[in-house]
Amino acid sequence: MGTNSAYKLCSLVFLVVFLGCSELIQCSVTYDRKAIMINGQRRILFSGSIHYPRSTPDMWEDLIQKAKDGGIDVIETYVFWNVHEPTPGNYHFEGRYDIVRFMKTIQRAGLYAHLRIGPYVCAEWNFGGFPVWLKYVPGISFRTDNEPFKRAMQGFTEKIVGLMKAENLFESQGGPIILSQIENEYGVQSKLFGAAGYNYMTWAANMAIQTGTGVPWVMCKEDDAPDPVINTCNGFYCDSFAPNKPYKPTIWTEAWSGWFSEFGGTIHQRPVQDLAFAVAKFIQKGGSFINYYMFHGGTNFGRSAGGPFITTSYDYDAPIDEYGLIRQPKYGHLKELHRSIKMCERALVSVDPIITQLGTYQQVHVYSTESGDCAAFLANYDTKSAARVLFNNMHYNLPPWSISILPDCRNVVFNTAKVGVQTSQMEMLPTNGIFSWESYDEDISSLDDSSTFTTAGLLEQINVTRDASDYLWYMTSVDIGSSESFLHGGELPTLIIQSTGHAVHIFINGQLSGSAFGTRENRRFTYTGKVNLRPGTNRIALLSVAVGLPNVGGHYESWNTGILGPVALHGLDQGKWDLSWQKWTYQVGLKGEAMNLLSPDSVTSVEWMQSSLAAQRPQPLTWHKAYFNAPEGDEPLALDMEGMGKGQIWINGQSIGRYWTAYASGNCNGCSYAGTFRPTKCQLGCGQPTQRWYHVPRSWLKPTNNLLVVFEELGGDPSRISLVKRSLASVCAEVSEFHPTIKNWQIESYGRAEEFHSPKVHLRCSGGQSITSIKFASFGTPLGTCGSYQQGACHASTSYAILEKKCIGKQRCAVTISNSNFGQDPCPNVMKKLSVEAVCAPTNWRG
């Protein structure tokens with residue numbers, strides 16, 4: 001069908017061949033069935049998700065440059081409605097929310113952008129990105145054929161498009177944005193809603209097109225996206241996906257690099273061998289655009305995490321970690337994958353593959369053009385066994401669950417299962433600072449009547465708080481007669497509370513009596529506990545705690561939070577006493593929040609107590625504060641909260657986020673890269689806190705006198721809190737004698753004797769560090785993995801000496817893997833490899 005007619009090429013197509021256009025030049029983005037076309041040129045594009053609110057503006061340039069250095073062409077981000085329009089008609093585009101600055105940073109780096117406006121984002125973000133006030137628009141129903149919702153959604157979409165146009169940020173204006181997305185993963189919802197869902201989806205597509213951005217629109221996980229909108233795929237694998245029309249390109253908007261974490265759950269890691277395999281499989285079948293979700297996950301600062309129960313860390317096992325540091329080997333292996341695929345680009349975008357079966361589980365996809373370009377992908381889908389295949393009269397060895405890339409249909413330059421880049425092992429190093437704590441108890445006995453109200457019955461939490469705070473007090477009283485049996489040696493009565501989520505702390509006459517929590521899968525829960533009541537009036541105070549609002553699910557705006565009951569006492573002489581419909585007094589938030597204890601600018605009459613006096617025993621609902629100086633250096637910082645329970649953290653008035661040292665339960669019994677990946681497959685951290693460290697952006701700190709405020713719900717030990725630096729501890733590498741390398745690709749070498757370029761082990765410490773010792777080195781048949789290497793039956797005795805000579809005292813080094821380099825062949829006719837672990841430490845400068 002050729003190029004989609006909705007997007008016209010400009011008259012200056014042939015003047016601009018590669019990235020970017022000046023602001024004076026009208027550029028074009030269009031598509032055909034093979035690829036996105038930029039100024040008439042089909043492109044294989046690699047994209048990476050970096051969400052601007054999940055990092056700080058001073059991090060953006062470095063993150064984007066690292067993405068570019070890793071072979072990324074496009075930066076993708078959602079647009080987060082709730083941070084930009086916190087109240088109706090009042091817009092906020094400053095600081096972490098300065099999306100224009102973010103787009104211009106992308107442009108300066110010479111990269112493209114994909115703007116996923118949504119405005120529903122899911123994204124493990126509070127309320128799925130919708131502002132909470134939207135829930136209270138009269139007559140509204142989210143994400144369906146509903147006029148109040150469509151009116152609000154259109155208003156925000158046009159606001160963002162208008163902002164981008166005013167700054168000339170669409171590629172049609174010479175800017176970086178080459179794609180935009182409307183709605184998000186709506187397909188399943190659409191089917192549930194029937195005609196109303198289809199009508200809404202069609203309306204959303206047409207509304208977006210009418211904004212006139214000059215670039216294509218996409219809808220992910222929307223099989224019936226109407227022309228000219230491109231439907232796209234999200235998932236761990238997308239090689240079986242095909243667009244809904246033969247003239248649309250095959251786009252993978254979310255290739256999941258890992259998975260998110262929830263408090264009480266394990267950490268999920270996706271082996272890079274499997275991720276590279278999934279990407280190569282998608283490309284070999286004709287895919288042309290891949291976005292890694294996430295390339296840098298970042299941090300859910302403040303109360304931005306949704307779910308509920310999503311951790312403050314949104315690390316996502318991404319190639320760039322939460323702190324902005326490169327995660328190896330994921331980053332380096334993908335970088336080599338991108339280079340290898342880009343070497344095949346001309347053939348990939350020009351023709352369709354010829355597919356040949358080479359065995360039961362083995363295939364080759366060959367892209368061969370009339371002009372002489374030839375690229376091949378040799379695949380072994382067997383999850384257990386390696387395979388030896390014959391292709392073009394040459395034999396190739398394929399590890400299980402792997403794809404080899406041959407940009408000249410002859411030489412393997414990359415295999416998805418053979419990781420040749422280093423593995424980095426990180427550590428959290430304590431800084432020298434010691435916190436001197438002061439504490440203040442959240443006094444629940446003297447509530448301010450001006451901030452409370454009383455009504456009959458139990459109220460839904462968000463309807464009361466409007467999400468201004470995680471906390472809502474439910475308070476009532478019960479009168480107990482002196483003749484009650486439990487007062488005279490009988491069994492204490494039982495309090496039963498049914499909550500719709502997410503957590504509750506129970507106070508009886510000012511003393512903590514118990515706590516209960518839901519989970520992300522079961523946010524509703526029941527608390528059952530004995531209560532120590534006394535004769536006369538007893539005060540029952542229930543602190544209901546939200547842990548982020550839902551972000552996904554049918555009509556999730558109608559889901560309830562808080563204590564809706566019943567709340568009942570059992571075991572009294574009269575039997576069951578249902579408290580649900582008696583008078584309850586409510587207070588939104590904490591006294592400390594109302595007094596702004598978290599801000600360095602607040603002036604309060606609070607008498608803080610030295611923690612040494614307060615630390616006789618851990619107190620629930622306690623505020624802690626300390627002042628500290630910023631540590632020297634530029635390493636990323638974090639707070640180690642291992643000794644605490646659950647609460648929130650602020651530094652200089654800015655919220656680090658929610659902390660919770662909930663211990664992870666799961667199955668951490670190892671992981672093989674081979675075979676279909678699911679989050680349950682590769683789990684880490686069983687028996688440890690799901691999240692122990694909390695990112696402290698350096699840009700939030702002053703040189704001295706930084707205010708740290710912690711609110712602790714359960715009663716932790718603040719003396720155990722410490723500020724740590726994230727640092728590279730050691731680097732490992734493991735490379736075999738015949739590891740594929742791009743240097744062995746020479747298309748002009750057909751028919752000529754070739755010189756084989758021996759592979760090398762590359763080791764690199766961070767800036768300001770050098771290799772101080774070689775912890776392990778063996779050329780031969782070493783065993784084990786990084787951190788637990790062992791010598792095998794074959795070992796070159798010169799291994800340590802060679803590595804020490806080449807690497808000690810240097811920030812980076814390279815060692816060729818060849819018999820001659822290690823003196824002699826330690827075991828002839830055996831495939832050998834070099835395994836090494838080197839320690840990185842700060843370089844000691846001598847004046």
# chains A, B, ... in the order shown; residues from 1 in each chain; ligands from 1
$ select_by_dssp --residues "stretch 409-493 of chain A" --states "strand (DSSP E)" --output "list in words"
Phe414, Asn415, Thr423, Ser424, Gln425, Met426, Glu427, Met428, Leu429, Pro430, Glu438, Ser439, Tyr440, Asp441, Thr452, Phe453, Thr454, Thr455, Ala456, Tyr471, Leu472, Trp473, Tyr474, Met475, Thr476, Ser477, Val478, Asp479 and Ile480 of chain A
$ select_by_dssp --residues "stretch 182-256 of chain A" --states "alpha helix (DSSP H)" --output "list in words"
Gly187, Val188, Gln189, Ser190, Lys191, Leu192, Phe193, Ala195, Ala196, Gly197, Tyr198, Asn199, Tyr200, Met201, Thr202, Trp203, Ala204, Ala205, Asn206, Met207, Ala208 and Ile209 of chain A
$ atom_distance --atom1 "atom CA of A:Ser482" --atom2 "atom CA of A:Asp443"
28.1 Å
$ residues_around --residues "A:Glu713" --least-positions-apart "6" --cutoff "10 Å" --atoms "only C-alpha atoms" --output "list in words"
Glu442, His505, Ser515, Leu543, Val545, Gln619, Pro620, Leu621, Thr622, Trp623, Met644, Gly645, Lys646, Gly647, Gln648 and Trp660 of chain A
$ atom_distance --atom1 "atom CA of A:Asn509" --atom2 "atom CA of A:Asn538"
6.0 Å
$ residues_around --residues "A:Ile44" --least-positions-apart "3" --cutoff "8 Å" --atoms "only C-alpha atoms" --output "short mmCIF file (atom, residue, chain, number, x, y, z; two decimals) with N, CA, C and O atoms, in the first residue's frame"
data_model
loop_
_atom_site.label_atom_id
_atom_site.label_comp_id
_atom_site.auth_asym_id
_atom_site.auth_seq_id
_atom_site.Cartn_x
_atom_site.Cartn_y
_atom_site.Cartn_z
N ALA A 35 8.72 0.01 8.31
CA ALA A 35 9.37 0.80 9.36
C ALA A 35 8.79 2.20 9.45
O ALA A 35 8.08 2.66 8.55
N ILE A 36 9.10 2.88 10.55
CA ILE A 36 8.92 4.32 10.63
C ILE A 36 9.90 4.95 9.64
O ILE A 36 11.06 4.53 9.53
N SER A 288 10.62 -3.37 13.71
CA SER A 288 11.54 -2.29 13.36
C SER A 288 11.66 -1.20 14.42
O SER A 288 12.48 -0.30 14.28
N PHE A 289 10.87 -1.26 15.50
CA PHE A 289 10.93 -0.23 16.55
C PHE A 289 10.72 -0.95 17.88
O PHE A 289 9.72 -1.64 18.07
N LYS A 342 22.09 -2.80 13.92
CA LYS A 342 22.25 -1.64 13.03
C LYS A 342 23.14 -1.98 11.82
O LYS A 342 22.99 -1.40 10.75
N GLU A 345 20.85 -3.09 9.16
CA GLU A 345 19.68 -2.23 8.95
C GLU A 345 19.26 -2.13 7.48
O GLU A 345 18.08 -2.25 7.16
N VAL A 349 15.34 -3.31 6.38
CA VAL A 349 14.25 -2.41 6.01
C VAL A 349 13.92 -2.49 4.52
O VAL A 349 12.99 -1.83 4.05
#
$ closest_atom_pairs --of "stretch 21-83 of chain A" --to "stretch 689-712 of chain A" --cutoff "9 Å" --atoms "only C-alpha atoms" --output "tab-separated table"
residue	atom	partner	partner_atom	distance
A:Ser55	CA	A:Pro697	CA	8.3
A:Thr56	CA	A:Pro697	CA	7.3
A:Pro57	CA	A:Ser699	CA	8.8
A:Asp58	CA	A:Ser699	CA	6.9
A:Met59	CA	A:Ser699	CA	8.8
$ decode --residues "stretch 630-653 of chain A" --atoms "N, CA, C and O atoms" --output "short mmCIF file (atom, residue, chain, number, x, y, z; two decimals), in the first residue's frame"
data_model
loop_
_atom_site.label_atom_id
_atom_site.label_comp_id
_atom_site.auth_asym_id
_atom_site.auth_seq_id
_atom_site.Cartn_x
_atom_site.Cartn_y
_atom_site.Cartn_z
N ALA A 630 26.28 17.46 53.46
CA ALA A 630 26.37 16.63 52.26
C ALA A 630 27.75 15.96 52.21
O ALA A 630 28.76 16.62 52.42
N PRO A 631 27.79 14.64 51.93
CA PRO A 631 29.09 13.96 51.83
C PRO A 631 29.87 14.48 50.62
O PRO A 631 29.29 14.92 49.62
N GLU A 632 31.18 14.39 50.71
CA GLU A 632 32.01 14.76 49.58
C GLU A 632 31.85 13.75 48.45
O GLU A 632 31.37 12.64 48.64
N GLY A 633 32.30 14.16 47.26
CA GLY A 633 32.24 13.27 46.11
C GLY A 633 30.98 13.47 45.30
O GLY A 633 30.16 14.37 45.58
N ASP A 634 30.83 12.63 44.28
CA ASP A 634 29.64 12.75 43.43
C ASP A 634 28.90 11.43 43.29
O ASP A 634 28.02 11.28 42.45
N GLU A 635 29.24 10.43 44.13
CA GLU A 635 28.52 9.16 44.06
C GLU A 635 27.06 9.37 44.46
O GLU A 635 26.74 10.20 45.31
N PRO A 636 26.17 8.60 43.87
CA PRO A 636 24.76 8.68 44.28
C PRO A 636 24.61 8.30 45.75
O PRO A 636 25.39 7.49 46.28
N LEU A 637 23.60 8.88 46.39
CA LEU A 637 23.39 8.68 47.82
C LEU A 637 22.06 7.98 48.09
O LEU A 637 21.12 8.08 47.29
N ALA A 638 22.00 7.31 49.25
CA ALA A 638 20.75 6.68 49.68
C ALA A 638 20.71 6.65 51.19
O ALA A 638 21.75 6.72 51.86
N LEU A 639 19.51 6.54 51.73
CA LEU A 639 19.32 6.32 53.16
C LEU A 639 19.11 4.84 53.39
O LEU A 639 18.27 4.21 52.73
N ASP A 640 19.86 4.29 54.33
CA ASP A 640 19.68 2.90 54.75
C ASP A 640 18.66 2.90 55.88
O ASP A 640 18.93 3.40 56.97
N MET A 641 17.47 2.36 55.62
CA MET A 641 16.36 2.41 56.59
C MET A 641 16.11 1.06 57.24
O MET A 641 15.01 0.80 57.74
N GLU A 642 17.13 0.20 57.29
CA GLU A 642 16.92 -1.17 57.73
C GLU A 642 16.34 -1.25 59.14
O GLU A 642 15.56 -2.15 59.44
N GLY A 643 16.69 -0.33 60.01
CA GLY A 643 16.24 -0.42 61.39
C GLY A 643 14.85 0.14 61.65
O GLY A 643 14.37 0.12 62.79
N MET A 644 14.19 0.64 60.59
CA MET A 644 12.89 1.28 60.77
C MET A 644 11.75 0.36 60.35
O MET A 644 11.96 -0.74 59.83
N GLY A 645 10.52 0.83 60.59
CA GLY A 645 9.34 0.02 60.27
C GLY A 645 8.65 0.46 59.00
O GLY A 645 8.89 -0.06 57.91
N LYS A 646 7.79 1.47 59.12
CA LYS A 646 7.03 1.95 57.98
C LYS A 646 6.75 3.43 58.17
O LYS A 646 6.47 3.87 59.29
N GLY A 647 6.83 4.21 57.09
CA GLY A 647 6.55 5.63 57.21
C GLY A 647 6.95 6.39 55.97
O GLY A 647 6.88 5.87 54.85
N GLN A 648 7.38 7.65 56.18
CA GLN A 648 7.75 8.52 55.07
C GLN A 648 8.99 9.32 55.44
O GLN A 648 9.29 9.53 56.61
N ILE A 649 9.71 9.80 54.39
CA ILE A 649 10.98 10.51 54.56
C ILE A 649 10.95 11.82 53.79
O ILE A 649 10.49 11.85 52.64
N TRP A 650 11.49 12.87 54.42
CA TRP A 650 11.65 14.16 53.72
C TRP A 650 13.08 14.67 53.93
O TRP A 650 13.65 14.51 55.01
N ILE A 651 13.62 15.29 52.90
CA ILE A 651 14.91 15.97 53.03
C ILE A 651 14.73 17.40 52.54
O ILE A 651 14.28 17.63 51.40
N ASN A 652 15.03 18.35 53.42
CA ASN A 652 14.86 19.77 53.12
C ASN A 652 13.46 20.06 52.56
O ASN A 652 13.27 20.88 51.67
N GLY A 653 12.48 19.37 53.14
CA GLY A 653 11.08 19.60 52.77
C GLY A 653 10.60 18.83 51.57
O GLY A 653 9.40 18.83 51.27
#
